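Enquirer: My file is run.csv. It has CSV, C-alpha atoms and all ligand atoms:
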```csv
chain,number,residue,atom,x,y,z
C,1,MET,CA,21.3,-22.6,7.4
C,2,ASP,CA,18.4,-25.1,7.5
C,3,SER,CA,15.8,-25.1,4.8
C,4,PHE,CA,12.9,-22.7,5.2
C,5,LYS,CA,9.3,-22.4,4.0
C,6,ALA,CA,8.3,-20.0,1.2
C,7,LEU,CA,5.3,-19.4,-1.0
C,8,ARG,CA,6.5,-19.4,-4.6
C,9,THR,CA,4.6,-18.1,-7.6
C,10,TYR,CA,4.9,-20.0,-11.0
C,11,THR,CA,3.7,-19.1,-14.4
C,12,GLU,CA,2.9,-22.2,-16.3
C,13,GLY,CA,1.5,-21.5,-19.7
C,14,SER,CA,-1.2,-18.9,-19.1
C,15,ALA,CA,-1.9,-20.1,-15.6
C,16,VAL,CA,-0.4,-18.6,-12.5
C,17,THR,CA,-0.1,-20.9,-9.5
C,18,GLN,CA,1.4,-20.7,-6.0
C,19,ARG,CA,2.8,-23.4,-3.8
C,20,PHE,CA,4.6,-23.7,-0.5
C,21,GLU,CA,8.1,-25.1,-0.9
C,22,GLN,CA,11.1,-25.8,1.4
C,23,LEU,CA,13.9,-23.7,0.0
C,24,SER,CA,17.6,-23.0,0.9
C,25,LEU,CA,19.6,-19.8,0.5
C,26,GLU,CA,20.9,-21.0,-2.9
C,27,ASP,CA,17.3,-20.9,-4.2
C,28,ILE,CA,16.6,-17.3,-3.4
C,29,ASP,CA,17.9,-14.0,-4.9
C,30,GLU,CA,21.2,-12.5,-3.8
C,31,GLY,CA,21.7,-9.7,-1.3
C,32,ASP,CA,24.0,-8.5,1.5
C,33,VAL,CA,21.6,-9.1,4.3
C,34,VAL,CA,19.8,-12.3,5.4
C,35,ILE,CA,16.6,-11.5,7.5
C,36,ARG,CA,14.3,-13.9,9.4
C,37,THR,CA,10.8,-12.8,8.6
C,38,ALA,CA,8.4,-12.1,11.4
C,39,TYR,CA,5.5,-10.7,9.4
C,40,SER,CA,4.5,-9.9,5.8
C,41,SER,CA,1.3,-8.5,4.3
C,42,VAL,CA,-1.1,-8.6,1.4
C,43,ASN,CA,-1.2,-5.6,-0.8
C,44,TYR,CA,-3.4,-5.1,-3.9
C,45,LYS,CA,-0.1,-5.6,-5.9
C,46,ASP,CA,0.5,-8.9,-4.2
C,47,ALA,CA,-3.0,-10.1,-5.2
C,48,MET,CA,-2.4,-8.9,-8.8
C,49,ALA,CA,0.8,-10.8,-8.9
C,50,ALA,CA,-0.9,-13.9,-7.5
C,51,HIS,CA,-3.5,-13.7,-10.2
C,52,GLY,CA,-1.0,-12.9,-13.0
C,53,LEU,CA,-2.6,-9.5,-13.6
C,54,GLY,CA,-0.6,-6.5,-14.9
C,55,ARG,CA,3.0,-6.9,-15.8
C,56,ASN,CA,4.2,-7.2,-12.2
C,57,ILE,CA,4.8,-10.8,-12.1
C,58,ARG,CA,8.1,-12.5,-13.0
C,59,PRO,CA,7.2,-15.5,-15.1
C,60,HIS,CA,10.5,-17.3,-15.1
C,61,PRO,CA,12.3,-18.2,-12.9
C,62,PRO,CA,9.6,-18.6,-10.2
C,63,CYS,CA,9.5,-15.8,-7.6
C,64,VAL,CA,8.6,-15.8,-3.9
C,65,GLY,CA,5.8,-13.3,-3.5
C,66,GLY,CA,5.4,-10.6,-0.8
C,67,VAL,CA,6.1,-6.9,-1.4
C,68,ASP,CA,6.5,-6.2,2.3
C,69,MET,CA,8.3,-7.8,5.2
C,70,SER,CA,9.5,-7.1,8.7
C,71,GLY,CA,11.9,-9.2,10.6
C,72,VAL,CA,15.2,-9.6,12.4
C,73,VAL,CA,18.7,-9.7,10.7
C,74,GLU,CA,20.3,-13.1,10.8
C,75,SER,CA,23.6,-12.1,9.1
C,76,SER,CA,25.0,-9.2,7.1
C,77,GLU,CA,27.9,-8.5,4.8
C,78,ASP,CA,27.1,-4.8,5.1
C,79,GLU,CA,28.4,-2.9,8.2
C,80,ARG,CA,25.1,-0.9,8.5
C,81,PHE,CA,23.3,-4.0,9.8
C,82,GLY,CA,24.1,-6.8,12.2
C,83,PRO,CA,22.5,-9.9,13.7
C,84,GLY,CA,19.5,-9.1,15.9
C,85,ASP,CA,18.6,-5.8,14.2
C,86,PRO,CA,14.8,-5.3,13.7
C,87,VAL,CA,14.2,-4.1,10.1
C,88,ILE,CA,11.5,-3.4,7.5
C,89,VAL,CA,11.8,-4.0,3.8
C,90,THR,CA,9.0,-2.8,1.4
C,91,ASN,CA,8.8,-2.3,-2.3
C,92,TYR,CA,11.9,-2.0,-4.6
C,93,ALA,CA,11.7,-5.3,-6.5
C,94,LEU,CA,10.7,-7.3,-3.4
C,95,GLY,CA,8.1,-10.0,-4.2
C,96,VAL,CA,8.0,-9.0,-7.9
C,97,ASP,CA,11.5,-9.4,-9.4
C,98,HIS,CA,13.3,-10.4,-6.2
C,99,ASP,CA,12.2,-13.2,-3.9
C,100,GLY,CA,10.0,-11.6,-1.3
C,101,GLY,CA,8.4,-11.6,2.1
C,102,TYR,CA,6.3,-14.8,1.8
C,103,SER,CA,9.2,-16.7,3.1
C,104,GLU,CA,10.7,-17.5,6.5
C,105,ILE,CA,14.0,-16.2,5.2
C,106,VAL,CA,14.6,-13.2,2.9
C,107,ARG,CA,17.9,-11.9,1.4
C,108,VAL,CA,18.0,-8.4,0.1
C,109,PRO,CA,20.5,-5.6,-0.8
C,110,ALA,CA,21.3,-3.5,2.3
C,111,ASP,CA,20.2,-0.4,0.4
C,112,TRP,CA,16.6,-1.6,0.6
C,113,ILE,CA,16.5,-1.9,4.3
C,114,VAL,CA,14.9,0.5,6.8
C,115,PRO,CA,15.8,0.1,10.5
C,116,LEU,CA,12.6,-0.4,12.5
C,117,PRO,CA,12.0,3.1,13.9
C,118,ASP,CA,11.5,3.6,17.7
C,119,GLY,CA,7.8,3.6,18.4
C,120,LEU,CA,6.9,0.8,16.1
C,121,GLY,CA,6.9,-3.0,16.6
C,122,LEU,CA,7.5,-5.6,13.8
C,123,ARG,CA,3.8,-6.4,13.8
C,124,GLU,CA,2.7,-2.7,13.6
C,125,ALA,CA,5.2,-2.2,10.8
C,126,MET,CA,3.5,-4.8,8.7
C,127,ILE,CA,0.0,-3.6,9.6
C,128,LEU,CA,1.2,-0.4,8.0
C,129,GLY,CA,3.4,-1.9,5.3
C,130,SER,CA,3.3,-0.4,1.8
C,131,ALA,CA,-0.3,0.9,2.4
C,132,GLY,CA,0.8,3.0,5.4
C,133,LEU,CA,3.8,4.3,3.6
C,134,CYS,CA,1.7,5.3,0.6
C,135,ALA,CA,-1.0,7.0,2.7
C,136,ALA,CA,1.5,8.9,4.8
C,137,LEU,CA,3.4,10.1,1.7
C,138,ALA,CA,0.2,11.2,0.1
C,139,VAL,CA,-0.8,13.3,3.2
C,140,GLU,CA,2.7,14.8,3.4
C,141,ARG,CA,2.6,15.8,-0.3
C,142,LEU,CA,-0.9,17.2,0.0
C,143,GLU,CA,0.2,19.4,3.0
C,144,GLN,CA,3.3,20.5,1.2
C,145,ASN,CA,0.9,21.6,-1.6
C,146,GLY,CA,-1.1,23.8,0.7
C,147,MET,CA,-3.8,21.5,2.1
C,148,ALA,CA,-4.7,22.5,5.7
C,149,PRO,CA,-7.6,21.5,8.0
C,150,GLY,CA,-9.3,24.9,7.7
C,151,ASN,CA,-9.6,24.7,3.9
C,152,GLY,CA,-12.6,22.2,3.9
C,153,PRO,CA,-13.3,18.5,3.7
C,154,VAL,CA,-10.9,16.0,2.2
C,155,ALA,CA,-12.0,13.0,0.1
C,156,VAL,CA,-10.5,9.5,0.3
C,157,THR,CA,-11.5,6.8,-2.3
C,158,GLY,CA,-11.1,3.1,-2.0
C,159,ALA,CA,-11.8,4.0,1.6
C,160,THR,CA,-12.0,0.5,3.2
C,161,GLY,CA,-8.7,-0.7,1.6
C,162,GLY,CA,-5.3,-0.5,3.2
C,163,VAL,CA,-4.2,2.9,1.8
C,164,GLY,CA,-7.7,4.3,2.2
C,165,SER,CA,-8.1,3.2,5.8
C,166,PHE,CA,-4.8,4.7,6.8
C,167,ALA,CA,-5.4,7.9,4.9
C,168,ILE,CA,-8.7,8.4,6.7
C,169,ASP,CA,-7.1,7.7,10.1
C,170,ILE,CA,-4.0,9.9,9.6
C,171,LEU,CA,-6.1,12.8,8.2
C,172,ALA,CA,-8.6,12.6,11.0
C,173,GLY,CA,-5.8,12.6,13.5
C,174,LEU,CA,-4.4,15.8,12.0
C,175,GLY,CA,-7.8,17.5,12.4
C,176,TYR,CA,-9.2,17.2,8.9
C,177,GLN,CA,-12.9,16.6,8.1
C,178,VAL,CA,-12.7,13.4,6.0
C,179,THR,CA,-15.3,12.0,3.6
C,180,ALA,CA,-14.8,8.3,2.8
C,181,ILE,CA,-15.9,7.3,-0.7
C,182,THR,CA,-16.5,3.6,-0.8
C,183,GLY,CA,-18.3,0.8,-2.7
C,184,LYS,CA,-19.3,-1.0,0.5
C,185,ALA,CA,-22.6,0.1,1.9
C,186,ASP,CA,-22.2,-2.0,5.0
C,187,GLN,CA,-18.9,-0.6,6.2
C,188,SER,CA,-20.1,2.8,7.7
C,189,ALA,CA,-19.3,1.8,11.2
C,190,TYR,CA,-15.7,0.7,10.3
C,191,LEU,CA,-15.1,4.0,8.4
C,192,LYS,CA,-16.6,6.2,11.1
C,193,GLY,CA,-14.4,4.3,13.6
C,194,LEU,CA,-11.3,5.3,11.6
C,195,GLY,CA,-12.4,8.9,11.8
C,196,ALA,CA,-14.5,9.6,8.7
C,197,SER,CA,-17.1,12.3,9.2
C,198,ASP,CA,-19.1,11.5,6.2
C,199,ILE,CA,-19.5,8.5,3.8
C,200,LEU,CA,-20.4,8.6,0.1
C,201,LEU,CA,-21.2,5.5,-1.8
C,202,ARG,CA,-19.5,5.3,-5.1
C,203,SER,CA,-22.7,4.3,-6.8
C,204,GLU,CA,-24.5,7.4,-5.5
C,205,LEU,CA,-22.0,10.2,-6.2
C,206,PRO,CA,-23.9,13.4,-7.2
C,207,ARG,CA,-24.2,14.0,-10.9
C,208,GLN,CA,-21.9,16.6,-12.4
C,209,ARG,CA,-21.8,18.9,-15.4
C,210,ARG,CA,-19.6,17.8,-18.3
C,211,PHE,CA,-16.4,19.7,-17.5
C,212,LEU,CA,-16.6,20.9,-13.9
C,213,GLY,CA,-18.7,20.0,-10.9
C,214,ASP,CA,-19.4,21.8,-7.6
C,215,THR,CA,-16.2,22.6,-5.6
C,216,LEU,CA,-16.4,20.2,-2.7
C,217,TRP,CA,-12.9,19.0,-1.7
C,218,ALA,CA,-9.9,20.8,-0.3
C,219,GLY,CA,-7.8,17.8,-1.0
C,220,ALA,CA,-8.2,14.1,-2.0
C,221,VAL,CA,-6.4,10.8,-1.8
C,222,ASP,CA,-7.4,8.6,-4.7
C,223,ASN,CA,-6.8,4.8,-4.9
C,224,LEU,CA,-9.0,4.1,-7.9
C,225,GLY,CA,-8.3,6.1,-11.0
C,226,GLY,CA,-11.0,5.7,-13.7
C,227,ALA,CA,-14.4,7.4,-13.5
C,228,THR,CA,-14.1,8.0,-9.7
C,229,LEU,CA,-10.9,10.0,-10.2
C,230,SER,CA,-12.6,11.9,-13.0
C,231,TRP,CA,-15.5,12.7,-10.7
C,232,LEU,CA,-13.1,13.9,-7.9
C,233,THR,CA,-11.1,16.0,-10.3
C,234,LYS,CA,-14.1,18.0,-11.4
C,235,ALA,CA,-15.1,18.5,-7.7
C,236,MET,CA,-11.8,19.9,-6.4
C,237,GLN,CA,-11.6,23.4,-4.9
C,238,PRO,CA,-9.4,25.9,-6.8
C,239,HIS,CA,-5.7,25.4,-6.0
C,240,SER,CA,-6.2,22.1,-4.3
C,241,ALA,CA,-4.7,18.7,-5.2
C,242,VAL,CA,-5.4,15.1,-5.6
C,243,ALA,CA,-2.8,12.6,-4.5
C,244,LEU,CA,-2.9,9.8,-7.1
C,245,CYS,CA,-2.0,6.5,-5.3
C,246,GLY,CA,-3.7,3.7,-7.1
C,247,LEU,CA,-5.6,2.1,-10.0
C,248,ALA,CA,-8.0,-0.3,-8.4
C,249,GLU,CA,-10.8,0.9,-10.7
C,250,SER,CA,-8.9,1.7,-13.8
C,251,THR,CA,-5.6,3.0,-15.2
C,252,HIS,CA,-7.5,5.4,-17.5
C,253,VAL,CA,-8.9,8.8,-16.3
C,254,PRO,CA,-11.5,10.4,-18.5
C,255,VAL,CA,-10.9,14.1,-17.7
C,256,THR,CA,-10.6,17.3,-19.7
C,257,VAL,CA,-8.0,20.0,-19.0
C,258,MET,CA,-10.7,22.3,-17.5
C,259,PRO,CA,-10.1,21.5,-13.8
C,260,PHE,CA,-6.4,22.2,-14.3
C,261,ILE,CA,-6.6,25.4,-16.3
C,262,LEU,CA,-9.7,27.0,-14.8
C,263,ARG,CA,-9.3,25.9,-11.1
C,264,ALA,CA,-5.5,25.2,-11.0
C,265,VAL,CA,-6.1,21.7,-9.6
C,266,ASP,CA,-2.9,19.7,-9.2
C,267,TYR,CA,-2.3,16.0,-9.5
C,268,LEU,CA,0.4,14.7,-7.1
C,269,GLY,CA,1.9,11.3,-8.2
C,270,ILE,CA,2.6,9.0,-5.3
C,271,ASN,CA,5.2,6.3,-5.8
C,272,ILE,CA,6.7,4.3,-3.0
C,273,SER,CA,8.6,1.8,-5.2
C,274,SER,CA,12.3,2.3,-6.0
C,275,ALA,CA,11.5,5.9,-7.1
C,276,MET,CA,11.2,6.8,-3.4
C,277,ASP,CA,14.7,7.5,-2.2
C,278,MET,CA,16.0,6.1,1.2
C,279,PRO,CA,16.1,9.5,3.0
C,280,LEU,CA,12.4,10.2,2.2
C,281,ARG,CA,11.5,6.5,2.9
C,282,ARG,CA,13.1,6.7,6.4
C,283,HIS,CA,11.5,10.1,7.0
C,284,ILE,CA,8.0,8.8,6.2
C,285,TRP,CA,8.6,5.7,8.4
C,286,ASP,CA,9.7,8.0,11.2
C,287,ARG,CA,6.5,10.0,10.9
C,288,LEU,CA,4.5,6.8,10.9
C,289,ALA,CA,6.1,5.9,14.2
C,290,THR,CA,5.3,9.4,15.7
C,291,ASP,CA,3.0,12.2,14.5
C,292,LEU,CA,1.3,10.3,11.7
C,293,LYS,CA,0.9,7.0,13.6
C,294,PRO,CA,-2.6,5.8,12.9
C,295,ALA,CA,-4.7,5.7,16.1
C,296,GLN,CA,-6.8,2.7,14.9
C,297,LEU,CA,-3.8,0.6,13.7
C,298,GLN,CA,-5.0,-2.6,15.5
C,299,SER,CA,-8.6,-2.4,14.2
C,300,VAL,CA,-7.3,-2.2,10.6
C,301,ALA,CA,-5.3,-5.5,11.0
C,302,ARG,CA,-6.6,-8.8,9.7
C,303,MET,CA,-4.1,-11.3,11.1
C,304,THR,CA,-3.6,-14.4,8.8
C,305,PRO,CA,-1.6,-17.5,9.5
C,306,PHE,CA,1.1,-18.2,6.9
C,307,ASP,CA,-0.5,-21.5,6.0
C,308,ASP,CA,-3.8,-19.6,5.0
C,309,LEU,CA,-2.1,-17.1,2.8
C,310,PRO,CA,-3.0,-18.7,-0.6
C,311,THR,CA,-6.7,-18.4,0.3
C,312,VAL,CA,-6.9,-14.6,0.7
C,313,PHE,CA,-5.8,-13.3,-2.7
C,314,ASP,CA,-9.2,-13.8,-4.3
C,315,SER,CA,-11.0,-11.7,-1.7
C,316,VAL,CA,-8.6,-8.8,-2.3
C,317,ILE,CA,-9.1,-8.8,-6.1
C,318,GLU,CA,-12.9,-9.2,-5.6
C,319,SER,CA,-12.8,-6.2,-3.1
C,320,LYS,CA,-14.4,-8.3,-0.3
C,321,MET,CA,-11.8,-7.3,2.4
C,322,THR,CA,-11.5,-4.3,4.6
C,323,GLY,CA,-8.3,-3.1,6.2
C,324,ARG,CA,-4.9,-4.8,6.0
C,325,ILE,CA,-4.1,-8.5,5.8
C,326,VAL,CA,-1.1,-9.2,7.9
C,327,VAL,CA,0.7,-12.5,7.4
C,328,GLU,CA,2.1,-14.2,10.5
C,329,VAL,CA,5.2,-15.8,8.8
C,330,ASP,CA,7.0,-16.6,12.1
C,331,GLY,CA,3.9,-18.2,13.6
R,401,LIG,N1,1.5,4.5,-5.6
R,401,LIG,C1,2.0,3.6,-4.8
R,401,LIG,O1,3.3,3.6,-4.6
R,401,LIG,C2,1.1,2.6,-4.2
R,401,LIG,C3,1.4,2.0,-3.0
R,401,LIG,C4,0.5,1.1,-2.4
R,401,LIG,C5,-0.7,0.8,-3.1
R,401,LIG,N2,-0.9,1.4,-4.3
R,401,LIG,C6,-2.2,1.2,-5.1
R,401,LIG,O2,-3.2,1.8,-4.3
R,401,LIG,C7,-4.4,1.1,-4.5
R,401,LIG,C8,-5.0,0.8,-3.1
R,401,LIG,O3,-4.1,-0.2,-2.5
R,401,LIG,P1,-4.5,-0.9,-1.2
R,401,LIG,O4,-3.3,-1.7,-0.7
R,401,LIG,O5,-5.3,0.0,-0.3
R,401,LIG,O6,-5.6,-2.0,-1.9
R,401,LIG,P2,-6.7,-2.7,-1.2
R,401,LIG,O7,-6.5,-2.9,0.3
R,401,LIG,O8,-7.0,-3.9,-2.0
R,401,LIG,O9,-8.0,-1.7,-1.3
R,401,LIG,C9,-8.4,-1.3,-2.5
R,401,LIG,C10,-9.8,-0.7,-2.3
R,401,LIG,O10,-10.2,-0.1,-3.6
R,401,LIG,C11,-11.6,-0.3,-3.7
R,401,LIG,N3,-11.8,-1.2,-5.0
R,401,LIG,C12,-11.2,-2.4,-5.2
R,401,LIG,N4,-11.5,-2.9,-6.4
R,401,LIG,C13,-12.2,-1.9,-7.0
R,401,LIG,C14,-12.8,-1.7,-8.3
R,401,LIG,N5,-12.7,-2.7,-9.2
R,401,LIG,N6,-13.5,-0.6,-8.5
R,401,LIG,C15,-13.6,0.4,-7.6
R,401,LIG,N7,-13.0,0.3,-6.4
R,401,LIG,C16,-12.4,-0.8,-6.1
R,401,LIG,C17,-12.1,-1.0,-2.5
R,401,LIG,O11,-12.5,0.0,-1.5
R,401,LIG,P3,-14.0,0.4,-1.3
R,401,LIG,O12,-14.9,-0.8,-1.4
R,401,LIG,O13,-14.0,1.0,0.0
R,401,LIG,O14,-14.4,1.4,-2.4
R,401,LIG,C18,-10.9,-1.7,-2.0
R,401,LIG,O15,-10.9,-2.0,-0.6
R,401,LIG,C19,-4.1,-0.1,-5.4
R,401,LIG,O16,-4.4,0.3,-6.7
R,401,LIG,C20,-2.6,-0.3,-5.2
R,401,LIG,O17,-2.0,-0.9,-6.3
R,401,LIG,C21,0.0,2.2,-4.9
```
Would it be possible to restate this file's structure as structure tokens?
Ligand SMILES: NC(=O)c1ccc[n+]([C@@H]2O[C@H](COP(=O)([O-])OP(=O)(O)OC[C@H]3O[C@@H](n4cnc5c(N)ncnc54)[C@H](OP(=O)(O)O)[C@@H]3O)[C@@H](O)[C@H]2O)c1
Expert:
Amino acid sequence: MDSFKALRTYTEGSAVTQRFEQLSLEDIDEGDVVIRTAYSSVNYKDAMAAHGLGRNIRPHPPCVGGVDMSGVVESSEDERFGPGDPVIVTNYALGVDHDGGYSEIVRVPADWIVPLPDGLGLREAMILGSAGLCAALAVERLEQNGMAPGNGPVAVTGATGGVGSFAIDILAGLGYQVTAITGKADQSAYLKGLGASDILLRSELPRQRRFLGDTLWAGAVDNLGGATLSWLTKAMQPHSAVALCGLAESTHVPVTVMPFILRAVDYLGINISSAMDMPLRRHIWDRLATDLKPAQLQSVARMTPFDDLPTVFDSVIESKMTGRIVVEVDG
């Protein structure tokens, strides 16, 4: 196979840098299946890795980034896949400890691969990517926990981000009244277009008493942690739940036990990394292709040429983006 282009991340001293390189198969991590990448995406985790934040980045040897990819199988040593199969790979160690989707060629273990479900294209799969998977799993877990459209409004934080955008769209499609909680005062039209009924600015959340607030939400999808999650927790209806997806504000949550022991509020942990087994992963992808397919998929996508990829990570960390950055690897 000829050489191929990839964006590699290096840690040099305390500095994290990325550069495009021409690689060959010998340069990238092992696996049973070689896939030609069509699209990748930029998740918050990718931006963290590009900035050397958290413990996600592999400092040595250098790693090709990209937590998500969709593409077509070139060759396979595993009988479940053959040349020409359209596939999706997200999470596991991809783009973190295993060379990832910011590469024209990816090689992964067959156990990480999801066949592209009927009803989704390769581009749509990467508009969704980890964010869509996370949002859909959060909605499924909340409904399993008893959330239903008749119970009252549902709150979504980090609303203009990938997970937030899809959570709003999916919930609105299922008939929920959705309140989008955002830091971006100028994004009302975008959020209403996704299906949000109401918008609350994070800086203007109503004051609460110390331990418990008014009971506002029949369910919530949280992408932030921190003070916003604390505020949400105190405002949950009795026997409702918050799906904990992210940490964009903080890993710490200043709460007391009161919402849990007086209102029986539940926290539902959402994890789509290797902790999500393949049957559940395929089930959620199947739902994303059918009953949970977001109606506004195209309006959420921010298409980005592969060559421009290094320029977008700052805007994700600085929270200047809305929706999903989709990387056109096979331009
Ligand atoms: N649990 C899992 O398996 C899983 C899977 C995917 C993602 N995640 C996590 O879920 C979170 C959201 O992911 P994403 O892909 O949607 O990220 P994203 O597209 O970057 O969106 C994050 C959103 O959070 C808000 N935000 C960003 N920085 C903030 C800050 N410092 N303080 C408060 N709000 C801030 C912004 O929304 P507004 O301006 O609208 O408030 C931003 O658009 C991330 O923490 C990510 O790591 C977890």
Enquirer: I want to know what sits within 6 Å of C:Val221, based on all atoms listed in the file, with residues of the same chain fewer than 4 positions away left out; could you give that as number ranges by chain?
Expert: C: 156, 242-243
Enquirer: For each of C:Gln296, C:Gln18, C:Ser76, C:Ser188, take the minimum atom-to-atom distance to C:Arg36, counting only C-alpha atoms, then give the residue where this is smallest.
Expert: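 Among the listed residues, the smallest separation from C:Arg36 belongs to C:Ser76.
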Enquirer: Between C:Trp217, C:Tyr39, C:Tyr10, C:Tyr92, single out the one closest to C:Glu104, counting only C-alpha atoms.
Expert: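 Among the listed residues, C:Tyr39 lies closest to C:Glu104.
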Enquirer: How would you report the residues lying within 7 Å of ligand LIG 401 (chain R), as a ChimeraX atom specification, if you count all atoms listed in the file?
Expert: /C:43-45,130-131,134,157-164,181-184,202,223-224,245-249,270-273,316-319,321-324
Enquirer: Which residues, written as a VMD selection string, have at least one atom at most 12 Å from C:Thr311, with all atoms listed in the file counted and residues fewer than 5 positions away on the same chain left out?
Expert: chain C and resid 18 to 19 42 47 50 to 51 304 to 306 316 to 317 325 327
Enquirer: Would you list the contacts of C:Leu23 as a VMD selection string, taking every protein, DNA or RNA residue within 12 Å and counting all atoms listed in the file, but skipping same-chain residues closer than 4 positions in sequence?
Expert: chain C and resid 1 to 8 19 27 to 29 63 to 64 99 102 to 106
Enquirer: Determine, counting all atoms listed in the file, which protein, DNA and RNA residues have an atom within 10 Å of an atom of C:Arg123; residues of the same chain fewer than 6 positions away are not included. Present the result as a list in words.
Expert: Ala38, Tyr39, Ser40, Met69, Ser70, Gly71, Gly129, Gln298, Ala301, Met303, Val326, Val327 and Glu328 of chain C
Enquirer: For atom CA of C:Leu94 and atom CA of C:Ile170, quote the distance in Å rounded to one decimal.
Expert: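 Calculated distance between atom CA of C:Leu94 and atom CA of C:Ile170 is 26.1 Å.
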Enquirer: If you count all atoms listed in the file, which residues fall within 8 Å of C:Asp118, apart from same-chain ones fewer than 2 positions away, as number ranges by chain?
Expert: C: 116, 120, 289
Enquirer: From the list C:Leu268, C:Leu122, C:Val257, C:Val96, which residue is nearest C:Met48 when using only C-alpha atoms?
Expert: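 Smallest distance to C:Met48 is found for C:Val96.
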Enquirer: Which residue, C:Trp112, C:Phe166, C:Tyr190, C:Phe313, has the smallest gap to C:Ala135 when you use only C-alpha atoms?
Expert: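 Using only C-alpha atoms, the shortest distance to C:Ala135 belongs to C:Phe166.
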